[in-house]
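Here is work.cif, consisting of mmCIF, N, CA and C atoms:
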data_work
loop_
_atom_site.label_atom_id
_atom_site.label_comp_id
_atom_site.auth_asym_id
_atom_site.auth_seq_id
_atom_site.Cartn_x
_atom_site.Cartn_y
_atom_site.Cartn_z
N TRP A 7 0.82 -1.17 0.00
CA TRP A 7 0.00 0.00 0.00
C TRP A 7 0.87 1.24 0.00
N VAL A 8 1.89 1.32 0.82
CA VAL A 8 2.80 2.45 0.90
C VAL A 8 3.54 2.61 -0.42
N ALA A 9 3.94 1.50 -1.04
CA ALA A 9 4.64 1.56 -2.31
C ALA A 9 3.75 2.12 -3.40
N ALA A 10 2.46 1.81 -3.40
CA ALA A 10 1.52 2.31 -4.40
C ALA A 10 1.33 3.81 -4.26
N VAL A 11 1.25 4.31 -3.04
CA VAL A 11 1.10 5.75 -2.80
C VAL A 11 2.35 6.48 -3.26
N ALA A 12 3.52 5.93 -2.97
CA ALA A 12 4.77 6.56 -3.37
C ALA A 12 4.89 6.58 -4.89
N ALA A 13 4.47 5.53 -5.56
CA ALA A 13 4.53 5.47 -7.02
C ALA A 13 3.58 6.49 -7.62
N ALA A 14 2.39 6.65 -7.07
CA ALA A 14 1.41 7.61 -7.58
C ALA A 14 1.91 9.03 -7.40
N ALA A 15 2.60 9.30 -6.31
CA ALA A 15 3.12 10.63 -6.04
C ALA A 15 4.22 10.99 -7.02
N ALA A 16 4.91 9.99 -7.57
CA ALA A 16 6.00 10.25 -8.49
C ALA A 16 5.52 10.53 -9.91
N LEU A 17 4.25 10.25 -10.19
CA LEU A 17 3.70 10.48 -11.54
C LEU A 17 3.43 11.97 -11.77
N PRO A 18 3.56 12.43 -13.03
CA PRO A 18 3.23 13.84 -13.31
C PRO A 18 1.72 14.05 -13.16
N PRO A 19 1.31 15.27 -12.83
CA PRO A 19 -0.13 15.52 -12.66
C PRO A 19 -0.85 15.36 -13.99
N LEU A 20 -2.08 14.91 -13.90
CA LEU A 20 -2.91 14.72 -15.08
C LEU A 20 -3.44 16.08 -15.56
N PRO A 21 -3.57 16.26 -16.88
CA PRO A 21 -4.16 17.52 -17.36
C PRO A 21 -5.65 17.55 -17.03
N PRO A 22 -6.22 18.74 -16.89
CA PRO A 22 -7.66 18.81 -16.60
C PRO A 22 -8.44 18.21 -17.75
N THR A 23 -9.49 17.47 -17.42
CA THR A 23 -10.24 16.77 -18.46
C THR A 23 -11.33 17.63 -19.09
N ALA A 24 -11.98 18.44 -18.35
CA ALA A 24 -13.09 19.24 -18.89
C ALA A 24 -12.95 20.67 -18.40
N ALA A 25 -11.94 21.32 -18.90
CA ALA A 25 -11.71 22.70 -18.48
C ALA A 25 -12.85 23.59 -18.99
N VAL A 26 -13.38 24.39 -18.13
CA VAL A 26 -14.44 25.33 -18.50
C VAL A 26 -13.78 26.62 -18.96
N PRO A 27 -14.13 27.08 -20.18
CA PRO A 27 -13.50 28.32 -20.64
C PRO A 27 -13.96 29.50 -19.79
N PRO A 28 -13.11 30.49 -19.66
CA PRO A 28 -13.51 31.65 -18.86
C PRO A 28 -14.66 32.40 -19.55
N PRO A 29 -15.46 33.12 -18.78
CA PRO A 29 -16.57 33.86 -19.40
C PRO A 29 -16.02 34.95 -20.32
N PRO A 30 -16.79 35.32 -21.33
CA PRO A 30 -16.32 36.39 -22.22
C PRO A 30 -16.22 37.70 -21.46
N PRO A 31 -15.37 38.60 -21.92
CA PRO A 31 -15.26 39.88 -21.24
C PRO A 31 -16.57 40.66 -21.38
N PRO A 32 -16.86 41.53 -20.42
CA PRO A 32 -18.11 42.29 -20.50
C PRO A 32 -18.10 43.22 -21.71
N ASN A 33 -19.28 43.42 -22.26
CA ASN A 33 -19.44 44.33 -23.40
C ASN A 33 -19.56 45.74 -22.84
N ASN A 34 -18.52 46.52 -22.98
CA ASN A 34 -18.52 47.88 -22.43
C ASN A 34 -18.89 48.94 -23.46
N THR A 35 -19.50 48.51 -24.56
CA THR A 35 -19.88 49.51 -25.56
C THR A 35 -21.09 50.31 -25.11
N HIS A 36 -21.90 49.74 -24.20
CA HIS A 36 -23.06 50.45 -23.67
C HIS A 36 -22.93 50.53 -22.16
N PRO A 37 -23.02 51.72 -21.58
CA PRO A 37 -22.93 51.79 -20.13
C PRO A 37 -24.13 51.10 -19.50
N PRO A 38 -23.96 50.55 -18.31
CA PRO A 38 -25.08 49.88 -17.67
C PRO A 38 -26.20 50.87 -17.38
N SER A 39 -27.42 50.38 -17.48
CA SER A 39 -28.59 51.22 -17.23
C SER A 39 -29.15 50.90 -15.86
N ASN A 40 -29.48 51.94 -15.11
CA ASN A 40 -30.10 51.74 -13.81
C ASN A 40 -31.62 51.80 -13.94
N SER A 41 -32.11 51.93 -15.15
CA SER A 41 -33.54 52.08 -15.37
C SER A 41 -34.25 50.75 -15.20
N SER A 42 -35.40 50.79 -14.55
CA SER A 42 -36.21 49.60 -14.41
C SER A 42 -37.32 49.60 -15.46
N LEU A 43 -37.41 50.65 -16.25
CA LEU A 43 -38.42 50.72 -17.30
C LEU A 43 -37.91 50.06 -18.57
N SER A 44 -38.84 49.59 -19.38
CA SER A 44 -38.47 49.02 -20.66
C SER A 44 -39.06 49.85 -21.80
N SER A 45 -39.52 51.06 -21.49
CA SER A 45 -40.13 51.91 -22.51
C SER A 45 -39.82 53.38 -22.21
N ARG A 46 -39.67 54.14 -23.27
CA ARG A 46 -39.48 55.59 -23.13
C ARG A 46 -40.82 56.33 -23.06
N ILE A 47 -41.92 55.57 -23.17
CA ILE A 47 -43.26 56.16 -23.16
C ILE A 47 -43.88 55.96 -21.78
N LEU A 48 -44.39 57.05 -21.22
CA LEU A 48 -45.09 56.99 -19.94
C LEU A 48 -46.53 57.45 -20.12
N VAL A 49 -47.42 56.89 -19.31
CA VAL A 49 -48.80 57.35 -19.27
C VAL A 49 -49.06 57.89 -17.88
N LEU A 50 -49.55 59.14 -17.83
CA LEU A 50 -49.93 59.75 -16.56
C LEU A 50 -51.43 59.62 -16.38
N HIS A 51 -51.83 59.11 -15.23
CA HIS A 51 -53.24 58.93 -14.90
C HIS A 51 -53.62 59.91 -13.80
N ASN A 52 -54.87 60.30 -13.76
CA ASN A 52 -55.44 61.15 -12.70
C ASN A 52 -54.97 62.60 -12.78
N MET A 53 -54.61 63.08 -13.95
CA MET A 53 -54.17 64.47 -14.08
C MET A 53 -55.11 65.32 -14.93
N VAL A 54 -56.00 64.70 -15.69
CA VAL A 54 -56.84 65.45 -16.62
C VAL A 54 -58.29 65.40 -16.15
N GLN A 55 -58.89 66.58 -16.08
CA GLN A 55 -60.31 66.71 -15.78
C GLN A 55 -61.05 67.03 -17.08
N ASP A 56 -62.34 66.74 -17.13
CA ASP A 56 -63.11 67.02 -18.35
C ASP A 56 -63.02 68.48 -18.76
N ASP A 57 -63.04 69.40 -17.78
CA ASP A 57 -63.00 70.82 -18.14
C ASP A 57 -61.63 71.23 -18.71
N ASP A 58 -60.58 70.43 -18.48
CA ASP A 58 -59.28 70.71 -19.09
C ASP A 58 -59.32 70.50 -20.60
N LEU A 59 -60.28 69.69 -21.05
CA LEU A 59 -60.38 69.34 -22.46
C LEU A 59 -61.55 70.04 -23.15
N ALA A 60 -62.30 70.85 -22.40
CA ALA A 60 -63.56 71.41 -22.90
C ALA A 60 -63.37 72.37 -24.08
N THR A 61 -62.43 73.29 -23.98
CA THR A 61 -62.22 74.27 -25.05
C THR A 61 -60.81 74.13 -25.59
N ASP A 62 -60.60 74.64 -26.79
CA ASP A 62 -59.26 74.60 -27.38
C ASP A 62 -58.27 75.38 -26.52
N GLU A 63 -58.73 76.48 -25.95
CA GLU A 63 -57.86 77.31 -25.10
C GLU A 63 -57.43 76.54 -23.84
N ASP A 64 -58.38 75.90 -23.19
CA ASP A 64 -58.07 75.11 -21.99
C ASP A 64 -57.14 73.93 -22.34
N TYR A 65 -57.43 73.31 -23.47
CA TYR A 65 -56.62 72.17 -23.91
C TYR A 65 -55.18 72.60 -24.18
N GLN A 66 -55.00 73.68 -24.91
CA GLN A 66 -53.65 74.17 -25.22
C GLN A 66 -52.91 74.58 -23.95
N ALA A 67 -53.62 75.16 -22.99
CA ALA A 67 -52.99 75.53 -21.71
C ALA A 67 -52.52 74.28 -20.98
N LEU A 68 -53.33 73.22 -21.00
CA LEU A 68 -52.95 71.96 -20.35
C LEU A 68 -51.71 71.36 -21.02
N VAL A 69 -51.71 71.30 -22.35
CA VAL A 69 -50.56 70.74 -23.08
C VAL A 69 -49.29 71.52 -22.74
N SER A 70 -49.39 72.84 -22.74
CA SER A 70 -48.24 73.69 -22.45
C SER A 70 -47.73 73.47 -21.02
N GLU A 71 -48.65 73.41 -20.08
CA GLU A 71 -48.28 73.20 -18.68
C GLU A 71 -47.61 71.84 -18.48
N VAL A 72 -48.17 70.81 -19.09
CA VAL A 72 -47.60 69.46 -18.98
C VAL A 72 -46.22 69.43 -19.61
N ARG A 73 -46.09 70.01 -20.80
CA ARG A 73 -44.80 70.02 -21.50
C ARG A 73 -43.73 70.72 -20.65
N ASP A 74 -44.07 71.88 -20.09
CA ASP A 74 -43.11 72.64 -19.28
C ASP A 74 -42.69 71.85 -18.05
N GLU A 75 -43.64 71.24 -17.36
CA GLU A 75 -43.34 70.51 -16.13
C GLU A 75 -42.55 69.23 -16.42
N CYS A 76 -42.97 68.48 -17.42
CA CYS A 76 -42.36 67.18 -17.68
C CYS A 76 -41.02 67.28 -18.39
N ALA A 77 -40.73 68.38 -19.04
CA ALA A 77 -39.44 68.57 -19.69
C ALA A 77 -38.32 68.76 -18.67
N LYS A 78 -38.67 68.96 -17.41
CA LYS A 78 -37.66 69.11 -16.35
C LYS A 78 -36.87 67.82 -16.13
N TYR A 79 -37.42 66.70 -16.59
CA TYR A 79 -36.82 65.40 -16.28
C TYR A 79 -36.04 64.81 -17.44
N GLY A 80 -36.03 65.49 -18.59
CA GLY A 80 -35.29 64.99 -19.74
C GLY A 80 -35.85 65.52 -21.03
N THR A 81 -35.31 65.03 -22.12
CA THR A 81 -35.75 65.45 -23.45
C THR A 81 -37.12 64.87 -23.74
N LEU A 82 -38.11 65.73 -23.78
CA LEU A 82 -39.48 65.32 -24.02
C LEU A 82 -39.74 65.42 -25.52
N ARG A 83 -39.82 64.28 -26.18
CA ARG A 83 -39.97 64.25 -27.64
C ARG A 83 -41.39 64.54 -28.08
N SER A 84 -42.37 64.08 -27.31
CA SER A 84 -43.76 64.36 -27.67
C SER A 84 -44.67 64.22 -26.47
N VAL A 85 -45.82 64.90 -26.57
CA VAL A 85 -46.87 64.83 -25.56
C VAL A 85 -48.17 64.61 -26.31
N GLU A 86 -48.94 63.62 -25.88
CA GLU A 86 -50.25 63.37 -26.47
C GLU A 86 -51.29 63.36 -25.35
N ILE A 87 -52.33 64.16 -25.53
CA ILE A 87 -53.44 64.19 -24.58
C ILE A 87 -54.71 64.05 -25.42
N PRO A 88 -55.21 62.83 -25.57
CA PRO A 88 -56.39 62.61 -26.41
C PRO A 88 -57.63 63.32 -25.88
N ARG A 89 -58.45 63.80 -26.83
CA ARG A 89 -59.70 64.49 -26.51
C ARG A 89 -60.88 63.72 -27.10
N ARG A 90 -62.08 64.09 -26.66
CA ARG A 90 -63.30 63.50 -27.22
C ARG A 90 -63.71 64.27 -28.46
N PRO A 91 -64.26 63.67 -29.46
CA PRO A 91 -64.25 62.22 -29.67
C PRO A 91 -62.88 61.79 -30.18
N PRO A 92 -62.37 60.70 -29.64
CA PRO A 92 -61.05 60.25 -30.10
C PRO A 92 -61.13 59.76 -31.54
N ARG A 93 -60.06 60.00 -32.28
CA ARG A 93 -59.98 59.52 -33.67
C ARG A 93 -59.20 58.22 -33.70
N PRO A 94 -59.69 57.24 -34.47
CA PRO A 94 -58.95 55.97 -34.56
C PRO A 94 -57.52 56.23 -35.02
N PRO A 95 -56.56 55.50 -34.52
CA PRO A 95 -56.68 54.31 -33.69
C PRO A 95 -56.72 54.59 -32.19
N VAL A 96 -56.96 55.84 -31.78
CA VAL A 96 -57.06 56.17 -30.36
C VAL A 96 -58.37 55.62 -29.82
N GLN A 97 -58.29 54.92 -28.71
CA GLN A 97 -59.47 54.33 -28.08
C GLN A 97 -60.11 55.31 -27.09
N PRO A 98 -61.42 55.23 -26.88
CA PRO A 98 -62.08 56.12 -25.91
C PRO A 98 -61.45 56.07 -24.52
N SER A 99 -60.90 54.91 -24.14
CA SER A 99 -60.28 54.78 -22.81
C SER A 99 -59.03 55.63 -22.66
N ALA A 100 -58.48 56.14 -23.78
CA ALA A 100 -57.27 56.97 -23.73
C ALA A 100 -57.58 58.41 -23.32
N VAL A 101 -58.84 58.81 -23.48
CA VAL A 101 -59.22 60.18 -23.12
C VAL A 101 -59.07 60.34 -21.61
N GLY A 102 -58.39 61.41 -21.22
CA GLY A 102 -58.15 61.67 -19.80
C GLY A 102 -56.77 61.22 -19.34
N LYS A 103 -56.00 60.63 -20.23
CA LYS A 103 -54.63 60.21 -19.91
C LYS A 103 -53.66 61.12 -20.65
N ILE A 104 -52.44 61.20 -20.14
CA ILE A 104 -51.37 61.97 -20.77
C ILE A 104 -50.27 61.00 -21.15
N TYR A 105 -49.86 61.05 -22.42
CA TYR A 105 -48.81 60.18 -22.94
C TYR A 105 -47.56 61.03 -23.18
N LEU A 106 -46.44 60.59 -22.60
CA LEU A 106 -45.18 61.32 -22.74
C LEU A 106 -44.15 60.42 -23.41
N GLU A 107 -43.42 60.98 -24.35
CA GLU A 107 -42.33 60.25 -24.98
C GLU A 107 -41.02 60.94 -24.63
N TYR A 108 -40.15 60.22 -23.92
CA TYR A 108 -38.83 60.75 -23.55
C TYR A 108 -37.76 60.23 -24.51
N GLY A 109 -36.63 60.90 -24.52
CA GLY A 109 -35.53 60.53 -25.40
C GLY A 109 -34.83 59.25 -25.01
N THR A 110 -34.75 58.96 -23.70
CA THR A 110 -34.04 57.76 -23.24
C THR A 110 -34.83 57.07 -22.13
N LEU A 111 -34.48 55.83 -21.87
CA LEU A 111 -35.10 55.09 -20.76
C LEU A 111 -34.78 55.76 -19.43
N GLU A 112 -33.56 56.26 -19.29
CA GLU A 112 -33.15 56.89 -18.04
C GLU A 112 -33.98 58.13 -17.76
N GLU A 113 -34.26 58.93 -18.80
CA GLU A 113 -35.09 60.13 -18.62
C GLU A 113 -36.51 59.74 -18.24
N ALA A 114 -37.04 58.72 -18.89
CA ALA A 114 -38.39 58.25 -18.57
C ALA A 114 -38.45 57.75 -17.13
N GLU A 115 -37.42 57.04 -16.70
CA GLU A 115 -37.38 56.54 -15.32
C GLU A 115 -37.32 57.69 -14.33
N ARG A 116 -36.51 58.70 -14.62
CA ARG A 116 -36.42 59.86 -13.74
C ARG A 116 -37.79 60.55 -13.63
N ALA A 117 -38.47 60.71 -14.75
CA ALA A 117 -39.81 61.32 -14.74
C ALA A 117 -40.78 60.46 -13.95
N ARG A 118 -40.72 59.15 -14.15
CA ARG A 118 -41.62 58.26 -13.42
C ARG A 118 -41.43 58.40 -11.92
N GLN A 119 -40.18 58.43 -11.49
CA GLN A 119 -39.89 58.54 -10.06
C GLN A 119 -40.39 59.87 -9.49
N GLU A 120 -40.22 60.94 -10.25
CA GLU A 120 -40.60 62.27 -9.76
C GLU A 120 -42.11 62.51 -9.81
N LEU A 121 -42.78 61.97 -10.81
CA LEU A 121 -44.20 62.26 -10.99
C LEU A 121 -45.12 61.27 -10.27
N SER A 122 -44.69 60.05 -10.13
CA SER A 122 -45.53 59.02 -9.51
C SER A 122 -45.81 59.35 -8.06
N GLY A 123 -47.08 59.35 -7.70
CA GLY A 123 -47.48 59.63 -6.33
C GLY A 123 -47.64 61.10 -6.02
N ARG A 124 -47.37 61.97 -6.97
CA ARG A 124 -47.52 63.41 -6.76
C ARG A 124 -49.01 63.76 -6.64
N GLN A 125 -49.30 64.64 -5.72
CA GLN A 125 -50.68 65.11 -5.54
C GLN A 125 -51.02 66.11 -6.63
N PHE A 126 -52.16 65.92 -7.30
CA PHE A 126 -52.61 66.82 -8.35
C PHE A 126 -54.08 67.10 -8.11
N GLY A 127 -54.35 68.25 -7.48
CA GLY A 127 -55.73 68.53 -7.05
C GLY A 127 -56.10 67.54 -5.97
N ASP A 128 -57.22 66.86 -6.16
CA ASP A 128 -57.67 65.86 -5.20
C ASP A 128 -57.16 64.46 -5.53
N ALA A 129 -56.45 64.33 -6.63
CA ALA A 129 -56.02 63.01 -7.10
C ALA A 129 -54.52 62.81 -6.90
N VAL A 130 -54.14 61.55 -6.90
CA VAL A 130 -52.73 61.18 -6.83
C VAL A 130 -52.34 60.66 -8.21
N VAL A 131 -51.27 61.21 -8.75
CA VAL A 131 -50.81 60.84 -10.09
C VAL A 131 -50.24 59.42 -10.07
N GLN A 132 -50.66 58.63 -11.04
CA GLN A 132 -50.10 57.31 -11.26
C GLN A 132 -49.39 57.34 -12.60
N VAL A 133 -48.24 56.67 -12.68
CA VAL A 133 -47.45 56.65 -13.91
C VAL A 133 -47.19 55.20 -14.29
N THR A 134 -47.50 54.88 -15.55
CA THR A 134 -47.25 53.53 -16.05
C THR A 134 -46.50 53.61 -17.38
N PRO A 135 -45.66 52.60 -17.68
CA PRO A 135 -45.00 52.58 -18.98
C PRO A 135 -46.00 52.17 -20.06
N TYR A 136 -45.69 52.52 -21.30
CA TYR A 136 -46.56 52.18 -22.43
C TYR A 136 -45.70 51.69 -23.59
N SER A 137 -46.23 50.83 -24.40
CA SER A 137 -45.50 50.23 -25.52
C SER A 137 -45.05 51.30 -26.52
N GLU A 138 -43.75 51.28 -26.82
CA GLU A 138 -43.21 52.20 -27.82
C GLU A 138 -43.79 51.89 -29.20
N VAL A 139 -44.02 50.62 -29.48
CA VAL A 139 -44.57 50.23 -30.78
C VAL A 139 -45.99 50.75 -30.92
N GLU A 140 -46.82 50.52 -29.92
CA GLU A 140 -48.21 50.99 -29.97
C GLU A 140 -48.26 52.51 -30.08
N TYR A 141 -47.44 53.18 -29.31
CA TYR A 141 -47.39 54.64 -29.34
C TYR A 141 -46.97 55.13 -30.72
N GLY A 142 -45.97 54.50 -31.28
CA GLY A 142 -45.49 54.88 -32.61
C GLY A 142 -46.54 54.71 -33.68
N MET A 143 -47.46 53.76 -33.49
CA MET A 143 -48.54 53.54 -34.45
C MET A 143 -49.75 54.41 -34.14
N GLY A 144 -49.67 55.21 -33.06
CA GLY A 144 -50.79 56.07 -32.69
C GLY A 144 -51.89 55.35 -31.95
N LYS A 145 -51.63 54.10 -31.53
CA LYS A 145 -52.63 53.31 -30.82
C LYS A 145 -52.57 53.65 -29.34
N LEU A 146 -53.43 54.53 -28.92
CA LEU A 146 -53.49 54.92 -27.51
C LEU A 146 -54.74 54.28 -26.91
N VAL A 147 -54.55 53.62 -25.77
CA VAL A 147 -55.68 52.94 -25.10
C VAL A 147 -55.78 53.37 -23.66
#
Written form, C-alpha cells:
Amino acid sequence: WVAAVAAAAALPPLPPTAAVPPPPPPNNTHPPSNSSLSSRILVLHNMVQDDDLATDEDYQALVSEVRDECAKYGTLRSVEIPRRPPRPPVQPSAVGKIYLEYGTLEEAERARQELSGRQFGDAVVQVTPYSEVEYGMGKLV
C-alpha cells in the first residue's frame, strides 16, 4: 500500500479533463442602465379633468403646462393628450390620460420617479409605462 502511494506521487499531474472556458469579457460599448423601465413612453393617470379638455384654449394651456413641467426630467420628444371624440386608432379609454415620450429610458425613469405619487388637485398621479410600438402607431388605449 505504501509503495503504491509513493509510485502515484512520483507520476506527473494529469491535465484537466473538462476545463471550462472563462466567461467572455463584459461588453462595455453600452454603459449599464439603472432604469427599471423598458419603454421611453409613460402614461400619466389622474391628471386630466373634463373641463381641461372642454375648449381649445383650456386644452392648449394643459398641453403647455404638462410640457413645461415634464421637460424638467429629460428630453421630451412628444406629448399626447387625447380628446373627445377620439380619432382611430385612439381608443375612448385613452381620453383623460397623458402620454409622454422621452428621449431615453433613463429620462423616462427619472420622470416616473418624480411624478408618480404626486398630488394633483384631489387626485394622486399614477405613472405607467406604455408600448413604444403601440405609441409609434398612434394606438393609444
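Reported to one decimal place, the separation of atom N of A:Lys103 from atom N of A:Arg124 is 15.9 Å.
Evaluated on this file, the PyMOL selection byres ((chain A and resi 79-87) around 8) matches Val69, Val72, Arg73, Asp74, Glu75, Cys76, Ala77, Lys78, Pro88, Arg89, Arg90, Ala100, Val101, Gly102, Lys103, Ile104, Tyr105, Leu106, Glu107, Tyr108, Gly109, Thr110, Glu112, Glu113, Ala114, Glu115, Arg116, Ala117 and Arg118 of chain A.
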Selected residues written out with N, CA and C atoms, as a PDB file, in the frame of the given file:
ATOM      1  N   VAL A  69     -51.710  71.300 -22.350  1.00  0.00           N
ATOM      2  CA  VAL A  69     -50.560  70.740 -23.080  1.00  0.00           C
ATOM      3  C   VAL A  69     -49.290  71.520 -22.740  1.00  0.00           C
ATOM      4  N   VAL A  72     -48.170  70.810 -19.090  1.00  0.00           N
ATOM      5  CA  VAL A  72     -47.600  69.460 -18.980  1.00  0.00           C
ATOM      6  C   VAL A  72     -46.220  69.430 -19.610  1.00  0.00           C
ATOM      7  N   ARG A  73     -46.090  70.010 -20.800  1.00  0.00           N
ATOM      8  CA  ARG A  73     -44.800  70.020 -21.500  1.00  0.00           C
ATOM      9  C   ARG A  73     -43.730  70.720 -20.650  1.00  0.00           C
ATOM     10  N   ASP A  74     -44.070  71.880 -20.090  1.00  0.00           N
ATOM     11  CA  ASP A  74     -43.110  72.640 -19.280  1.00  0.00           C
ATOM     12  C   ASP A  74     -42.690  71.850 -18.050  1.00  0.00           C
ATOM     13  N   GLU A  75     -43.640  71.240 -17.360  1.00  0.00           N
ATOM     14  CA  GLU A  75     -43.340  70.510 -16.130  1.00  0.00           C
ATOM     15  C   GLU A  75     -42.550  69.230 -16.420  1.00  0.00           C
ATOM     16  N   CYS A  76     -42.970  68.480 -17.420  1.00  0.00           N
ATOM     17  CA  CYS A  76     -42.360  67.180 -17.680  1.00  0.00           C
ATOM     18  C   CYS A  76     -41.020  67.280 -18.390  1.00  0.00           C
ATOM     19  N   ALA A  77     -40.730  68.380 -19.040  1.00  0.00           N
ATOM     20  CA  ALA A  77     -39.440  68.570 -19.690  1.00  0.00           C
ATOM     21  C   ALA A  77     -38.320  68.760 -18.670  1.00  0.00           C
ATOM     22  N   LYS A  78     -38.670  68.960 -17.410  1.00  0.00           N
ATOM     23  CA  LYS A  78     -37.660  69.110 -16.350  1.00  0.00           C
ATOM     24  C   LYS A  78     -36.870  67.820 -16.130  1.00  0.00           C
ATOM     25  N   PRO A  88     -55.210  62.830 -25.570  1.00  0.00           N
ATOM     26  CA  PRO A  88     -56.390  62.610 -26.410  1.00  0.00           C
ATOM     27  C   PRO A  88     -57.630  63.320 -25.880  1.00  0.00           C
ATOM     28  N   ARG A  89     -58.450  63.800 -26.830  1.00  0.00           N
ATOM     29  CA  ARG A  89     -59.700  64.490 -26.510  1.00  0.00           C
ATOM     30  C   ARG A  89     -60.880  63.720 -27.100  1.00  0.00           C
ATOM     31  N   ARG A  90     -62.080  64.090 -26.660  1.00  0.00           N
ATOM     32  CA  ARG A  90     -63.300  63.500 -27.220  1.00  0.00           C
ATOM     33  C   ARG A  90     -63.710  64.270 -28.460  1.00  0.00           C
ATOM     34  N   ALA A 100     -58.480  56.140 -23.780  1.00  0.00           N
ATOM     35  CA  ALA A 100     -57.270  56.970 -23.730  1.00  0.00           C
ATOM     36  C   ALA A 100     -57.580  58.410 -23.320  1.00  0.00           C
ATOM     37  N   VAL A 101     -58.840  58.810 -23.480  1.00  0.00           N
ATOM     38  CA  VAL A 101     -59.220  60.180 -23.120  1.00  0.00           C
ATOM     39  C   VAL A 101     -59.070  60.340 -21.610  1.00  0.00           C
ATOM     40  N   GLY A 102     -58.390  61.410 -21.220  1.00  0.00           N
ATOM     41  CA  GLY A 102     -58.150  61.670 -19.800  1.00  0.00           C
ATOM     42  C   GLY A 102     -56.770  61.220 -19.340  1.00  0.00           C
ATOM     43  N   LYS A 103     -56.000  60.630 -20.230  1.00  0.00           N
ATOM     44  CA  LYS A 103     -54.630  60.210 -19.910  1.00  0.00           C
ATOM     45  C   LYS A 103     -53.660  61.120 -20.650  1.00  0.00           C
ATOM     46  N   ILE A 104     -52.440  61.200 -20.140  1.00  0.00           N
ATOM     47  CA  ILE A 104     -51.370  61.970 -20.770  1.00  0.00           C
ATOM     48  C   ILE A 104     -50.270  61.000 -21.150  1.00  0.00           C
ATOM     49  N   TYR A 105     -49.860  61.050 -22.420  1.00  0.00           N
ATOM     50  CA  TYR A 105     -48.810  60.180 -22.940  1.00  0.00           C
ATOM     51  C   TYR A 105     -47.560  61.030 -23.180  1.00  0.00           C
ATOM     52  N   LEU A 106     -46.440  60.590 -22.600  1.00  0.00           N
ATOM     53  CA  LEU A 106     -45.180  61.320 -22.740  1.00  0.00           C
ATOM     54  C   LEU A 106     -44.150  60.420 -23.410  1.00  0.00           C
ATOM     55  N   GLU A 107     -43.420  60.980 -24.350  1.00  0.00           N
ATOM     56  CA  GLU A 107     -42.330  60.250 -24.980  1.00  0.00           C
ATOM     57  C   GLU A 107     -41.020  60.940 -24.630  1.00  0.00           C
ATOM     58  N   TYR A 108     -40.150  60.220 -23.920  1.00  0.00           N
ATOM     59  CA  TYR A 108     -38.830  60.750 -23.550  1.00  0.00           C
ATOM     60  C   TYR A 108     -37.760  60.230 -24.510  1.00  0.00           C
ATOM     61  N   GLY A 109     -36.630  60.900 -24.520  1.00  0.00           N
ATOM     62  CA  GLY A 109     -35.530  60.530 -25.400  1.00  0.00           C
ATOM     63  C   GLY A 109     -34.830  59.250 -25.010  1.00  0.00           C
ATOM     64  N   THR A 110     -34.750  58.960 -23.700  1.00  0.00           N
ATOM     65  CA  THR A 110     -34.040  57.760 -23.240  1.00  0.00           C
ATOM     66  C   THR A 110     -34.830  57.070 -22.130  1.00  0.00           C
ATOM     67  N   GLU A 112     -33.560  56.260 -19.290  1.00  0.00           N
ATOM     68  CA  GLU A 112     -33.150  56.890 -18.040  1.00  0.00           C
ATOM     69  C   GLU A 112     -33.980  58.130 -17.760  1.00  0.00           C
ATOM     70  N   GLU A 113     -34.260  58.930 -18.800  1.00  0.00           N
ATOM     71  CA  GLU A 113     -35.090  60.130 -18.620  1.00  0.00           C
ATOM     72  C   GLU A 113     -36.510  59.740 -18.240  1.00  0.00           C
ATOM     73  N   ALA A 114     -37.040  58.720 -18.890  1.00  0.00           N
ATOM     74  CA  ALA A 114     -38.390  58.250 -18.570  1.00  0.00           C
ATOM     75  C   ALA A 114     -38.450  57.750 -17.130  1.00  0.00           C
ATOM     76  N   GLU A 115     -37.420  57.040 -16.700  1.00  0.00           N
ATOM     77  CA  GLU A 115     -37.380  56.540 -15.320  1.00  0.00           C
ATOM     78  C   GLU A 115     -37.320  57.690 -14.330  1.00  0.00           C
ATOM     79  N   ARG A 116     -36.510  58.700 -14.620  1.00  0.00           N
ATOM     80  CA  ARG A 116     -36.420  59.860 -13.740  1.00  0.00           C
ATOM     81  C   ARG A 116     -37.790  60.550 -13.630  1.00  0.00           C
ATOM     82  N   ALA A 117     -38.470  60.710 -14.750  1.00  0.00           N
ATOM     83  CA  ALA A 117     -39.810  61.320 -14.740  1.00  0.00           C
ATOM     84  C   ALA A 117     -40.780  60.460 -13.950  1.00  0.00           C
ATOM     85  N   ARG A 118     -40.720  59.150 -14.150  1.00  0.00           N
ATOM     86  CA  ARG A 118     -41.620  58.260 -13.420  1.00  0.00           C
ATOM     87  C   ARG A 118     -41.430  58.400 -11.920  1.00  0.00           C
TER      88      ARG A 118
END
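Minimum distance to A:Ser137 across A:Met53, A:Leu59, A:Ile47, A:Ala67 (counting all atoms listed in the file) occurs at A:Ile47.
Here atom C of A:Ser99 and atom CA of A:Val147 stand 4.9 Å from one another.
The space between atom C of A:Val139 and atom CA of A:Pro98 spans 17.7 Å.
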Quiz item: How would you write, as a ChimeraX atom specification, the residues chosen by the PyMOL selection byres ((chain A and resi 145) around 8) on this structure?
Solution: /A:94-97,139-144,146-147
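Nearest to A:Ser45 of all the residues A:Ala60, A:Pro91, A:Val131, A:Leu111 is A:Leu111, based on all atoms listed in the file.
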Self-check item: Expected residue set, 9 Å radius at (-52.7, 60.1, -13.9), only C-alpha atoms, as a PyMOL selection string
Solution: chain A and resi 49-54+102-104+122+126+129-134
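On the backbone of this structure, DSSP gives strand (DSSP E) within stretch 38-125 of chain A to A:Ile47, A:Leu48, A:Val49, A:Leu50, A:His51, A:Leu82, A:Arg83, A:Ser84, A:Val85, A:Glu86, A:Ile104, A:Tyr105, A:Leu106, A:Glu107, A:Tyr108, A:Gln125.
With all atoms listed in the file as the atoms that count, the minimum distance from A:Leu48 to the choices A:Pro135, A:Asp62, A:Glu120, A:Asp128 is reached by A:Pro135.
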